[in-house]
Amino acid sequence: MRLSLSTALAALPAFTLAQIAAAEAPKVVTDIAPIHSLVAQVMSGVGTPDVLVSGGATPHDFQFTFDQANAVQNADLVIWAGTGLTPWLESSLESLAPNAPRLTLLESEDWPALMLRDASIFGGAHDHDHDEHDDHDDHDDHDDHDDHDDHDDHDDHDDHDDHD
């Protein structure tokens with residue numbers, strides 16, 4: 001079951017209130033950490049969503065743990081980016097939670113799609129040679145850095161004798 005963003009967000013308070021009345025928080029699963037963070041803020045005081053790919057992990061080599069597969073199977077709602085960002089999740093959702101309501105953010109009418117940006121606006125491709133940086137360890141131009149000859153009288157402070 002696919003939901004629009006406005007439908008899901010409008011239903012979430014009623015959904016959570018029904019869960020609270022039953023003394024049970026809704027079981028919500030998110031795919032990646034940024035979405036988890038947003039959903040956790042919405043669910044604050046009600047429950048904590050599960051996240052499949054936590055902040056330090058990479059979705060490129062993701063494999064479900066038993067606990068994660070169990071969380072998806074028992075989810076009351078799955079909120080995920082969609083196949084554009086986490087394509088590996090779609091087939092897993094079909095097999096693990098075919099009847100769980102899903103909010104696919106990138107497919108939502110209410111979610112603004114941005115144009116893909118060209119790498120050149122971020123400073124261009126990484127095409128410069130690193131050989132020009134090979135002399136960083138030498139620091140020949142800083143040989144006199146530790147001497148500080150112009151500060152030899154720094155400890156004297158003759159002009160501060162009147163301080164207690």
# chains A, B, ... in the order shown; residues from 1 in each chain; ligands from 1
$ residues_around --residues "Ala100 of chain A" --least-positions-apart "2" --cutoff "7 Å" --atoms "only C-alpha atoms" --output "number ranges by chain"
A: 1, 75-78, 97-98, 102
$ residues_around --residues "segment 25-35 of chain A" --least-positions-apart "6" --cutoff "6 Å" --atoms "only C-alpha atoms" --output "number ranges by chain"
A: 19, 47, 49-55, 75-80
$ residues_around --residues "Ser95 of chain A" --least-positions-apart "6" --cutoff "12 Å" --atoms "only C-alpha atoms" --output "PyMOL selection string"
chain A and resi 69-70+72-73+89
$ write_last_selection --atoms "C-alpha atoms" --output "short mmCIF file (atom, residue, chain, number, x, y, z; two decimals), in the first residue's frame"
data_model
loop_
_atom_site.label_atom_id
_atom_site.label_comp_id
_atom_site.auth_asym_id
_atom_site.auth_seq_id
_atom_site.Cartn_x
_atom_site.Cartn_y
_atom_site.Cartn_z
CA ALA A 69 14.25 -8.24 8.81
CA ASN A 70 12.03 -8.83 11.82
CA VAL A 72 10.40 -4.76 8.58
CA GLN A 73 8.09 -7.79 8.85
CA LEU A 89 14.94 -2.22 -0.41
#
$ closest_residue --among "A:Leu105, A:Leu38, A:Val46, A:Leu114" --to "Glu24 of chain A" --atoms "only C-alpha atoms"
A:Val46
$ atom_distance --atom1 "atom CA of Met43 of chain A" --atom2 "atom CA of Pro112 of chain A"
22.6 Å
